[in-house]
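In what follows, a single structure is set out as structure tokens and then discussed.
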Amino acid sequence: MTANEKLILIAKAKVLKALAHPTRLWITEQLADGERCVCEFVDLVDADFSTISKHLAVLREAGIVEDDKRGKQVYYRLKVPCVLNFMNCVEAVIEARVREQSALIE
């Protein structure tokens, strides 16, 4: 592995780590419908503002979302919407695994 390949793999792992939390995955999927205010996530997730802000900061630092401050409100949107295509692939892996496990039971 070259030094450049290693850097690319580290960057990929950072994105995957950012998505490796159920709340952050849910937030990412919610942003598929368009931008949302932090306050909306606080109500929808039933978590405090600081918890949601931390999750959004992880997603922002990984390059998954971007923010736009408007007065006292901060709105988030997907920076690269194709990240959701990856979720389709993850779901396909889960479905294949379930089929394999079902075949073992039968």
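The way I read the labels, and the way they are meant: chains A, B, ... in the order of the structure tokens, residue 1 as the first residue of every chain, and ligand 1 as the first ligand shown, with later ones counted on from there.
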
Please identify all polymer residues within 9 Å of Leu19 in chain A, counting only C-alpha atoms, omitting same-chain residues fewer than 3 positions from it, and present them as a list in words. Lys14, Val15, Leu16, Pro22, Thr23, Arg24, Leu25, Thr28, Val58, Leu59 and Ile64 of chain A

Selection to disk with N, CA and C atoms, as a PDB file, in the first residue's frame:
ATOM      1  N   LYS A  14     -13.067   7.628   7.607  1.00  0.00           N
ATOM      2  CA  LYS A  14     -13.655   8.752   8.358  1.00  0.00           C
ATOM      3  C   LYS A  14     -15.123   8.939   7.971  1.00  0.00           C
ATOM      4  N   VAL A  15     -15.420   8.842   6.689  1.00  0.00           N
ATOM      5  CA  VAL A  15     -16.806   8.958   6.228  1.00  0.00           C
ATOM      6  C   VAL A  15     -17.642   7.817   6.796  1.00  0.00           C
ATOM      7  N   LEU A  16     -17.118   6.598   6.704  1.00  0.00           N
ATOM      8  CA  LEU A  16     -17.855   5.438   7.205  1.00  0.00           C
ATOM      9  C   LEU A  16     -18.062   5.518   8.715  1.00  0.00           C
ATOM     10  N   PRO A  22     -26.636   5.048  14.489  1.00  0.00           N
ATOM     11  CA  PRO A  22     -28.035   5.064  14.025  1.00  0.00           C
ATOM     12  C   PRO A  22     -28.629   6.470  13.890  1.00  0.00           C
ATOM     13  N   THR A  23     -28.341   7.351  14.834  1.00  0.00           N
ATOM     14  CA  THR A  23     -28.902   8.708  14.752  1.00  0.00           C
ATOM     15  C   THR A  23     -28.331   9.466  13.568  1.00  0.00           C
ATOM     16  N   ARG A  24     -27.027   9.326  13.333  1.00  0.00           N
ATOM     17  CA  ARG A  24     -26.425  10.037  12.191  1.00  0.00           C
ATOM     18  C   ARG A  24     -26.916   9.461  10.867  1.00  0.00           C
ATOM     19  N   LEU A  25     -27.116   8.164  10.813  1.00  0.00           N
ATOM     20  CA  LEU A  25     -27.701   7.569   9.600  1.00  0.00           C
ATOM     21  C   LEU A  25     -29.096   8.121   9.362  1.00  0.00           C
ATOM     22  N   THR A  28     -28.952  11.668   8.122  1.00  0.00           N
ATOM     23  CA  THR A  28     -28.527  11.685   6.717  1.00  0.00           C
ATOM     24  C   THR A  28     -29.694  11.335   5.804  1.00  0.00           C
ATOM     25  N   VAL A  58     -20.075  15.879  13.536  1.00  0.00           N
ATOM     26  CA  VAL A  58     -19.351  14.701  13.034  1.00  0.00           C
ATOM     27  C   VAL A  58     -19.613  14.532  11.537  1.00  0.00           C
ATOM     28  N   LEU A  59     -20.879  14.672  11.140  1.00  0.00           N
ATOM     29  CA  LEU A  59     -21.235  14.546   9.723  1.00  0.00           C
ATOM     30  C   LEU A  59     -20.602  15.660   8.889  1.00  0.00           C
ATOM     31  N   ILE A  64     -20.026  15.100   4.859  1.00  0.00           N
ATOM     32  CA  ILE A  64     -21.313  14.550   4.436  1.00  0.00           C
ATOM     33  C   ILE A  64     -22.384  15.629   4.364  1.00  0.00           C
TER      34      ILE A  64
END

Write out as a PyMOL selection string all residues of chain A that backbone DSSP assigns to alpha helix (DSSP H). chain A and resi 3-19+22-30+38-45+49-61+83-105

Could you save the residues just selected, with C-alpha atoms, as a JSON list (two decimals), in the first residue's frame?
[["chain", "number", "residue", "atom", "x", "y", "z"],
["A", 3, "ALA", "CA", 1.27, 6.43, 1.28],
["A", 4, "ASN", "CA", -1.32, 8.02, -1.03],
["A", 5, "GLU", "CA", -3.50, 4.89, -0.98],
["A", 6, "LYS", "CA", -3.31, 4.87, 2.80],
["A", 7, "LEU", "CA", -4.45, 8.51, 2.99],
["A", 8, "ILE", "CA", -7.39, 7.75, 0.73],
["A", 9, "LEU", "CA", -8.37, 4.75, 2.86],
["A", 10, "ILE", "CA", -8.16, 6.87, 6.02],
["A", 11, "ALA", "CA", -10.45, 9.46, 4.42],
["A", 12, "LYS", "CA", -12.93, 6.75, 3.41],
["A", 13, "ALA", "CA", -12.88, 5.31, 6.92],
["A", 14, "LYS", "CA", -13.65, 8.75, 8.36],
["A", 15, "VAL", "CA", -16.81, 8.96, 6.23],
["A", 16, "LEU", "CA", -17.85, 5.44, 7.21],
["A", 17, "LYS", "CA", -17.20, 6.13, 10.89],
["A", 18, "ALA", "CA", -19.34, 9.26, 10.70],
["A", 19, "LEU", "CA", -22.21, 7.20, 9.31],
["A", 22, "PRO", "CA", -28.03, 5.06, 14.03],
["A", 23, "THR", "CA", -28.90, 8.71, 14.75],
["A", 24, "ARG", "CA", -26.42, 10.04, 12.19],
["A", 25, "LEU", "CA", -27.70, 7.57, 9.60],
["A", 26, "TRP", "CA", -31.25, 8.69, 10.30],
["A", 27, "ILE", "CA", -30.27, 12.37, 10.03],
["A", 28, "THR", "CA", -28.53, 11.68, 6.72],
["A", 29, "GLU", "CA", -31.60, 9.93, 5.35],
["A", 30, "GLN", "CA", -33.86, 12.77, 6.53],
["A", 38, "VAL", "CA", -31.15, 21.77, 13.89],
["A", 39, "CYS", "CA", -34.29, 22.55, 15.90],
["A", 40, "GLU", "CA", -36.31, 20.15, 13.72],
["A", 41, "PHE", "CA", -33.95, 17.27, 14.53],
["A", 42, "VAL", "CA", -34.15, 18.06, 18.24],
["A", 43, "ASP", "CA", -37.92, 17.56, 18.10],
["A", 44, "LEU", "CA", -37.84, 14.53, 15.78],
["A", 45, "VAL", "CA", -35.08, 12.61, 17.58],
["A", 49, "PHE", "CA", -29.78, 20.40, 21.19],
["A", 50, "SER", "CA", -26.15, 19.69, 22.14],
["A", 51, "THR", "CA", -26.45, 15.99, 21.24],
["A", 52, "ILE", "CA", -27.91, 16.76, 17.81],
["A", 53, "SER", "CA", -25.28, 19.44, 17.24],
["A", 54, "LYS", "CA", -22.51, 16.96, 18.03],
["A", 55, "HIS", "CA", -23.93, 14.42, 15.58],
["A", 56, "LEU", "CA", -24.19, 17.09, 12.89],
["A", 57, "ALA", "CA", -20.64, 18.24, 13.61],
["A", 58, "VAL", "CA", -19.35, 14.70, 13.03],
["A", 59, "LEU", "CA", -21.23, 14.55, 9.72],
["A", 60, "ARG", "CA", -19.95, 18.00, 8.72],
["A", 61, "GLU", "CA", -16.33, 17.17, 9.58],
["A", 83, "VAL", "CA", -23.98, 9.21, -0.14],
["A", 84, "LEU", "CA", -27.52, 7.84, -0.05],
["A", 85, "ASN", "CA", -26.66, 5.52, -2.95],
["A", 86, "PHE", "CA", -24.28, 3.82, -0.55],
["A", 87, "MET", "CA", -27.20, 3.17, 1.79],
["A", 88, "ASN", "CA", -28.96, 1.24, -1.00],
["A", 89, "CYS", "CA", -25.90, -0.96, -1.27],
["A", 90, "VAL", "CA", -25.82, -1.49, 2.50],
["A", 91, "GLU", "CA", -29.49, -2.54, 2.40],
["A", 92, "ALA", "CA", -28.68, -5.01, -0.39],
["A", 93, "VAL", "CA", -25.93, -6.53, 1.76],
["A", 94, "ILE", "CA", -28.38, -6.88, 4.67],
["A", 95, "GLU", "CA", -31.01, -8.50, 2.44],
["A", 96, "ALA", "CA", -28.45, -10.97, 1.04],
["A", 97, "ARG", "CA", -27.36, -11.85, 4.57],
["A", 98, "VAL", "CA", -30.97, -12.43, 5.67],
["A", 99, "ARG", "CA", -31.53, -14.71, 2.65],
["A", 100, "GLU", "CA", -28.39, -16.69, 3.52],
["A", 101, "GLN", "CA", -29.47, -17.08, 7.12],
["A", 102, "SER", "CA", -32.99, -18.10, 6.08],
["A", 103, "ALA", "CA", -31.53, -20.76, 3.79],
["A", 104, "LEU", "CA", -29.54, -22.15, 6.72],
["A", 105, "ILE", "CA", -32.67, -22.45, 8.83]]

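Rounded to one decimal, CA of Gly63 in chain A and CA of Met1 in chain A lie 24.5 Å from each other.
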
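Closest to Ala62 in chain A among A:Ala20, A:Ala47, A:Cys37, A:Ala32 is A:Ala20, based on only C-alpha atoms.
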
Using DSSP on the backbone coordinates, identify all residues within chain A classified as strand (DSSP E or B); present the result as a PyMOL selection string. chain A and resi 36-37+65-70+73-78

Keeping only C-alpha atoms, take the residues you just selected and write them out as a short mmCIF file (atom, residue, chain, number, x, y, z; two decimals), in the first residue's frame.
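File produced: selection.cif:
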data_model
loop_
_atom_site.label_atom_id
_atom_site.label_comp_id
_atom_site.auth_asym_id
_atom_site.auth_seq_id
_atom_site.Cartn_x
_atom_site.Cartn_y
_atom_site.Cartn_z
CA ARG A 36 -33.48 20.98 7.88
CA CYS A 37 -32.95 23.20 10.87
CA VAL A 65 -23.32 17.66 5.31
CA GLU A 66 -22.85 21.39 5.09
CA ASP A 67 -24.46 24.09 7.17
CA ASP A 68 -25.92 27.52 6.59
CA LYS A 69 -26.42 29.87 9.51
CA ARG A 70 -29.46 32.14 9.20
CA GLN A 73 -30.87 29.07 13.28
CA VAL A 74 -28.48 26.69 11.53
CA TYR A 75 -29.74 24.67 8.58
CA TYR A 76 -28.07 21.52 7.29
CA ARG A 77 -28.19 19.82 3.90
CA LEU A 78 -26.39 16.94 2.27
#
